[in-house]
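Asker: What follows is protein-v1.txt, compact mmCIF, C-alpha atoms.
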```txt
# COMPACT_ATOMS: atom_id res chain seq x y z
CA GLN G 1 -27.38 7.01 10.17
CA ASP G 2 -24.78 7.10 7.45
CA PRO G 3 -21.75 5.37 9.02
CA THR G 4 -19.34 7.62 7.15
CA ASN G 5 -20.69 10.63 9.05
CA THR G 6 -18.87 9.55 12.19
CA LEU G 7 -15.74 7.86 10.80
CA GLY G 8 -13.52 10.81 11.68
CA THR G 9 -15.18 11.69 14.99
CA ALA G 10 -14.82 10.51 18.57
CA SER G 11 -18.11 8.60 18.30
CA ALA G 12 -16.80 6.29 15.57
CA PRO G 13 -16.89 2.61 16.61
CA PRO G 14 -13.35 1.37 17.32
CA ARG G 15 -13.68 -1.49 14.82
CA ILE G 16 -14.29 1.02 12.01
CA ARG G 17 -11.20 3.06 12.80
CA TYR G 18 -9.09 -0.05 13.30
CA SER G 19 -10.32 -1.37 9.95
CA TYR G 20 -9.09 1.74 8.17
CA LEU G 21 -5.71 1.88 9.95
CA HIS G 22 -5.07 -1.83 9.50
CA THR G 23 -6.08 -1.80 5.84
CA SER G 24 -4.03 1.30 5.01
CA ALA G 25 -0.87 -0.09 6.62
CA GLN G 26 -1.22 -3.42 4.83
CA GLN G 27 -1.86 -1.79 1.47
CA LEU G 28 1.10 0.59 1.70
CA ILE G 29 3.55 -2.09 2.84
CA GLY G 30 2.39 -4.31 -0.03
CA ARG G 31 2.75 -1.56 -2.62
CA LEU G 32 6.20 -0.59 -1.33
CA LEU G 33 7.26 -4.22 -1.72
CA VAL G 34 5.93 -4.21 -5.29
CA ALA G 35 7.69 -0.89 -5.99
CA SER G 36 10.95 -2.41 -4.73
CA GLN G 37 10.94 -4.78 -7.69
CA ASP G 38 12.37 -3.90 -11.09
CA PRO G 39 9.50 -2.19 -12.98
CA THR G 40 10.87 -3.49 -16.31
CA ASN G 41 10.82 -7.07 -15.05
CA THR G 42 7.98 -9.45 -15.87
CA LEU G 43 7.70 -10.31 -12.18
CA GLY G 44 6.80 -6.71 -11.34
CA THR G 45 3.97 -6.63 -13.90
CA ALA G 46 2.76 -10.05 -12.79
CA SER G 47 2.66 -8.87 -9.17
CA VAL G 48 0.43 -5.92 -10.10
CA LEU G 49 -1.99 -8.16 -12.01
CA LEU G 50 -1.99 -10.84 -9.32
CA ILE G 51 -2.77 -8.34 -6.55
CA GLY G 52 -5.69 -6.92 -8.55
CA ILE G 53 -7.18 -10.35 -9.24
CA GLN G 54 -6.67 -11.50 -5.65
CA GLU G 55 -8.41 -8.43 -4.20
CA PHE G 56 -11.35 -8.77 -6.59
CA VAL G 57 -11.87 -12.46 -5.73
CA LEU G 58 -11.64 -11.83 -1.99
CA ARG G 59 -14.12 -8.96 -2.09
CA VAL G 60 -16.82 -10.66 -4.14
CA SER G 61 -16.53 -13.93 -2.18
CA TYR G 62 -16.46 -12.45 1.31
CA VAL G 63 -20.22 -12.24 2.01
CA PRO G 64 -21.12 -15.71 0.61
CA LYS G 65 -18.15 -17.22 2.43
CA GLN G 66 -19.07 -15.68 5.79
CA ARG G 67 -22.71 -16.74 5.46
CA TRP G 68 -21.67 -20.31 4.67
CA ILE G 69 -19.24 -20.43 7.62
CA ARG G 70 -21.87 -19.00 9.97
CA LYS G 71 -24.40 -21.63 8.91
CA ASN G 72 -22.29 -24.76 8.43
CA ILE G 73 -19.34 -24.37 10.82
CA TRP G 74 -20.44 -22.05 13.60
CA ARG G 75 -24.02 -23.46 13.51
CA LEU G 76 -25.50 -20.04 14.20
CA PRO G 77 -28.92 -18.79 13.10
CA PRO G 78 -29.12 -16.23 10.29
CA PHE G 79 -28.68 -12.56 11.08
CA THR G 80 -31.70 -10.55 12.09
CA ALA G 81 -32.58 -7.62 9.85
CA ALA G 82 -30.85 -5.17 12.22
CA GLU G 83 -27.73 -7.35 12.54
CA GLU G 84 -27.56 -7.81 8.77
CA ALA G 85 -27.80 -4.05 8.20
CA GLU G 86 -25.02 -3.35 10.71
CA TYR G 87 -22.81 -6.11 9.30
CA LEU G 88 -23.18 -4.93 5.70
CA GLY G 89 -22.73 -1.31 6.77
CA VAL G 90 -19.37 -2.07 8.40
CA LEU G 91 -18.37 -4.09 5.33
CA GLY G 92 -19.28 -1.11 3.15
CA ILE G 93 -16.98 1.11 5.23
CA ASP G 94 -14.21 -1.47 4.93
CA ASN G 95 -14.64 -1.48 1.14
CA MET G 96 -14.49 2.31 1.02
CA SER G 97 -11.36 2.47 3.18
CA SER G 98 -9.74 -0.35 1.22
CA MET G 99 -10.27 1.41 -2.10
CA GLN G 100 -9.01 4.72 -0.71
CA SER G 101 -5.92 3.26 0.89
CA GLU G 102 -5.03 1.10 -2.12
CA LEU G 103 -5.15 3.96 -4.60
CA SER G 104 -3.23 6.19 -2.17
CA ALA G 105 -0.66 3.44 -1.63
CA ILE G 106 -0.03 3.07 -5.36
CA LEU G 107 0.65 6.80 -5.74
CA LEU G 108 2.71 7.06 -2.55
CA ALA G 109 4.85 4.03 -3.33
CA THR G 110 5.75 5.42 -6.75
CA ILE G 111 6.58 8.88 -5.38
CA ILE G 112 8.65 7.40 -2.55
CA LYS G 113 10.57 5.10 -4.89
CA ILE G 114 11.49 7.99 -7.20
CA LYS G 115 12.21 10.69 -4.62
CA MET G 116 14.21 8.51 -2.20
CA PHE G 117 16.77 7.51 -4.83
CA GLU G 118 19.14 10.27 -3.70
CA HIS G 119 19.03 8.79 -0.21
CA ARG G 120 19.43 5.17 -1.27
CA VAL G 121 22.20 4.56 1.23
CA VAL G 122 19.47 4.59 3.89
CA TRP G 123 16.30 3.53 2.09
CA ASP G 124 16.15 0.03 0.62
CA PHE G 125 13.63 0.11 -2.22
CA GLY G 126 15.51 -2.19 -4.56
CA TYR G 127 17.71 0.49 -6.10
CA ALA G 128 20.64 -0.22 -8.39
CA PRO G 129 23.18 2.06 -6.66
CA SER G 130 25.51 2.76 -9.57
CA GLU G 131 23.03 3.54 -12.37
CA ASP G 132 23.82 6.57 -14.49
CA SER G 133 21.44 9.41 -15.36
CA GLN G 134 20.19 7.74 -18.53
CA GLU G 135 19.46 4.49 -16.72
CA ARG G 136 17.76 6.42 -13.95
CA SER G 137 15.50 8.27 -16.42
CA ALA G 138 14.52 4.99 -18.06
CA ARG G 139 13.78 3.42 -14.68
CA GLU G 140 11.64 6.35 -13.53
CA ALA G 141 9.66 6.22 -16.80
CA ALA G 142 9.09 2.52 -16.15
CA GLU G 143 8.00 3.34 -12.60
CA ILE G 144 5.39 5.76 -13.93
CA ARG G 145 4.09 3.21 -16.44
CA ALA G 146 3.86 0.60 -13.68
CA MET G 147 1.92 3.09 -11.54
CA PHE G 148 -0.66 3.73 -14.28
CA LEU G 149 -1.02 -0.01 -14.87
CA ALA G 150 -1.62 -0.57 -11.14
CA LEU G 151 -4.18 2.27 -11.02
CA PHE G 152 -6.02 0.85 -14.03
CA VAL G 153 -6.09 -2.70 -12.67
CA GLU G 154 -7.19 -1.53 -9.21
CA SER G 155 -9.89 0.80 -10.56
CA LEU G 156 -11.29 -1.87 -12.87
CA GLY G 157 -11.35 -4.40 -10.04
CA ASN G 158 -13.09 -1.90 -7.75
CA VAL G 159 -15.85 -1.16 -10.27
CA LEU G 160 -16.51 -4.83 -10.96
CA ALA G 161 -16.40 -5.73 -7.25
CA MET G 162 -18.83 -2.93 -6.36
CA ALA G 163 -21.29 -4.15 -8.98
CA VAL G 164 -21.19 -7.69 -7.58
CA GLN G 165 -21.34 -6.59 -3.94
CA LYS G 166 -24.29 -4.30 -4.62
CA ARG G 167 -26.27 -7.39 -5.58
CA GLN G 168 -25.12 -9.01 -2.32
CA GLY G 169 -26.56 -6.11 -0.32
CA VAL G 170 -23.35 -4.25 0.51
CA PRO G 171 -24.00 -0.49 0.45
CA HIS G 172 -21.88 1.91 -1.57
CA ILE G 173 -20.41 4.49 0.80
CA SER G 174 -18.68 7.72 -0.16
CA SER G 175 -16.24 9.76 1.90
CA PHE G 176 -17.55 12.91 0.20
CA ALA G 177 -21.11 12.59 1.49
CA GLY G 178 -22.74 12.96 4.89
CA ASN G 179 -23.14 15.75 7.39
CA ARG G 180 -19.63 15.34 8.86
CA TYR G 181 -17.64 14.16 5.86
CA ARG G 182 -15.02 16.88 6.38
CA GLU G 183 -14.03 15.32 9.71
CA THR G 184 -13.84 11.97 7.99
CA LEU G 185 -11.47 13.32 5.34
CA LEU G 186 -9.32 14.98 8.02
CA PHE G 187 -9.06 11.68 9.89
CA VAL G 188 -8.16 9.83 6.68
CA MET G 189 -5.41 12.30 5.76
CA ALA G 190 -3.93 12.37 9.27
CA ALA G 191 -3.94 8.58 9.43
CA GLN G 192 -2.30 8.30 6.02
CA VAL G 193 0.52 10.67 6.98
CA MET G 194 1.19 8.76 10.19
CA LEU G 195 1.09 5.35 8.51
CA THR G 196 3.33 6.47 5.63
CA GLY G 197 6.12 7.35 8.06
CA MET G 198 5.66 4.12 9.99
CA CYS G 199 5.66 1.96 6.86
CA MET G 200 8.68 3.71 5.35
CA TYR G 201 10.65 2.99 8.53
CA THR G 202 10.44 -0.73 7.77
CA PHE G 203 12.55 -0.07 4.66
CA ALA G 204 15.07 2.20 6.43
CA ASN G 205 18.46 1.66 8.03
CA ARG G 206 19.94 -0.60 5.38
CA ASN G 207 22.39 -2.98 7.04
CA MET G 208 23.64 -4.96 4.09
CA GLY G 209 26.12 -4.41 1.27
CA TRP G 210 25.17 -3.27 -2.19
CA LEU G 211 24.93 -6.01 -4.78
CA GLY G 212 27.51 -5.61 -7.54
CA CYS G 213 29.95 -3.46 -5.57
CA GLY G 214 33.30 -5.15 -5.17
CA TYR G 215 33.80 -8.77 -4.33
CA ASP G 216 31.79 -8.81 -1.12
CA GLY G 217 29.25 -6.08 -1.83
CA ALA G 218 31.06 -3.50 0.30
CA LEU G 219 29.74 0.00 -0.27
CA CYS G 220 33.15 1.66 -0.22
CA GLU G 221 34.42 -0.36 -3.18
CA CYS G 222 31.86 1.22 -5.49
CA ALA G 223 33.19 3.90 -7.80
CA PHE G 224 30.04 6.00 -7.50
CA VAL G 225 30.79 6.65 -3.79
CA GLY G 226 33.90 8.74 -4.50
CA SER G 227 34.25 12.32 -5.64
CA ARG G 228 32.93 13.64 -8.92
CA GLY G 229 34.49 16.69 -10.43
CA GLY G 230 36.35 17.46 -7.23
CA LYS G 231 33.18 17.25 -5.10
CA HIS G 232 32.33 14.35 -2.84
CA THR G 233 28.96 12.71 -3.28
CA VAL G 234 26.49 12.44 -0.43
CA LEU G 235 27.16 8.72 -0.27
CA SER G 236 30.88 9.25 0.31
CA ALA G 237 30.07 10.46 3.83
CA PHE G 238 28.89 6.95 4.64
CA CYS G 239 32.04 5.23 3.38
CA CYS G 240 33.36 2.81 5.97
CA THR G 241 36.98 2.88 7.09
CA GLU G 242 37.40 -0.85 7.48
CA ARG G 243 36.34 -3.69 5.23
CA GLY G 244 33.33 -5.62 6.39
CA LEU G 245 31.81 -2.88 8.57
CA TRP G 246 29.06 -2.11 6.04
```
Before anything else, please render the file you have as structure tokens.

Answerer:
Amino acid sequence: QDPTNTLGTASAPPRIRYSYLHTSAQQLIGRLLVASQDPTNTLGTASVLLIGIQEFVLRVSYVPKQRWIRKNIWRLPPFTAAEEAEYLGVLGIDNMSSMQSELSAILLATIIKIKMFEHRVVWDFGYAPSEDSQERSAREAAEIRAMFLALFVESLGNVLAMAVQKRQGVPHISSFAGNRYRETLLFVMAAQVMLTGMCMYTFANRNMGWLGCGYDGALCECAFVGSRGGKHTVLSAFCCTERGLW
């Protein structure tokens, strides 16, 4: 039976569902951390390339590494044909979920970084709080370029890894095939929505001062907090009344 047929149903093995949820959460947290860096900085580009290389190496070395550990450290006999098929089938599902969640995480992290700028008093994604409209436009353009670079690196690594793993016996599994693939897609989308909210919460409730605002980083010493053209900004509502409270 195609294991993807039951991924989104009640009969799915718990380890398969846990694999998807665990992988998706890890991928999104990692991509939000990358997005929190300055996209024009060399470190940001290096992080994207390093993540792509690291994932490729881990994927193509996983099966040989596990077989060597099973034989030389655990001192266990080789898998039977049935055990090998089940093991490689679960690994194929993990690969599919990893590729899905990574590509989704790249897109989500970029969208979140751009759209949450107006609410930067709450969300800590590495914003420069006092940037003007021209600086913001340049940063968002850099964010988009970084997103396309990450998508290219991830897609190239996926194609190369699939070619190597195919020779190792790992099946290629698609979420768009099987008798019950619609339930699988529904499960994937519901899980992604839930995990996005959970992962974003780890970057919420900023409890530190802005860098570059006043002598001690106090939010209320920043000029951009005050009124503009007679109208108070959204951030002015968060201005503290005593020094050191923010």

Asker: Between atom CA of Gly157 of chain G and atom CA of Met189 of chain G, what distance in Å does the model show, to one decimal?

Answerer: 23.7 Å

Asker: Show me, as AutoDock Vina command-line options, the centre and edge lengths in Å to one decimal of the axis-aligned box that covers every listed atom of segment 111-123 of chain G with 3 Å on each side.

Answerer:
```
--center_x 14.4 --center_y 7.1 --center_z -1.7 --size_x 21.6 --size_y 13.2 --size_z 17.1
```

Asker: Give me, please, the distance in Å between atom CA of Ala204 of chain G and atom CA of Ala190 of chain G, quoted to one decimal.

Answerer: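 Taking atom CA of Ala204 of chain G and atom CA of Ala190 of chain G, their separation equals 21.7 Å.
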
Asker: Counting all atoms listed in the file, which of G:Ser101, G:Ser36, G:Thr80, G:Asn72 gets nearest to Asp124 of chain G?

Answerer: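 Checking each of G:Ser101, G:Ser36, G:Thr80, G:Asn72 against Asp124 of chain G, counting all atoms listed in the file, the winner is G:Ser36.
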
Asker: Would you mind telling me which residue in G:Leu88, G:Arg182, G:Gln26, G:Ala146 lies nearest to Lys166 of chain G when using only C-alpha atoms?

Answerer: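 Looking only at the distances to Lys166 of chain G, the closest residue turns out to be G:Leu88.
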
Asker: Taking all atoms listed in the file into account, which of G:Leu28, G:Ala141, G:Val193, G:Val153 comes nearest Ile114 of chain G?

Answerer: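 When distances to Ile114 of chain G are compared using all atoms listed in the file, the smallest one comes from G:Ala141.
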
Asker: Would you kindly return, as JSON, numbers by chain, each protein, DNA or RNA residue with an atom no farther than 9 Å from any atom of Ser97 of chain G, considering only C-alpha atoms and excluding same-chain residues fewer than 3 positions away?

Answerer: {"G": [19, 20, 21, 23, 24, 92, 93, 94, 100, 101, 102, 175, 188]}
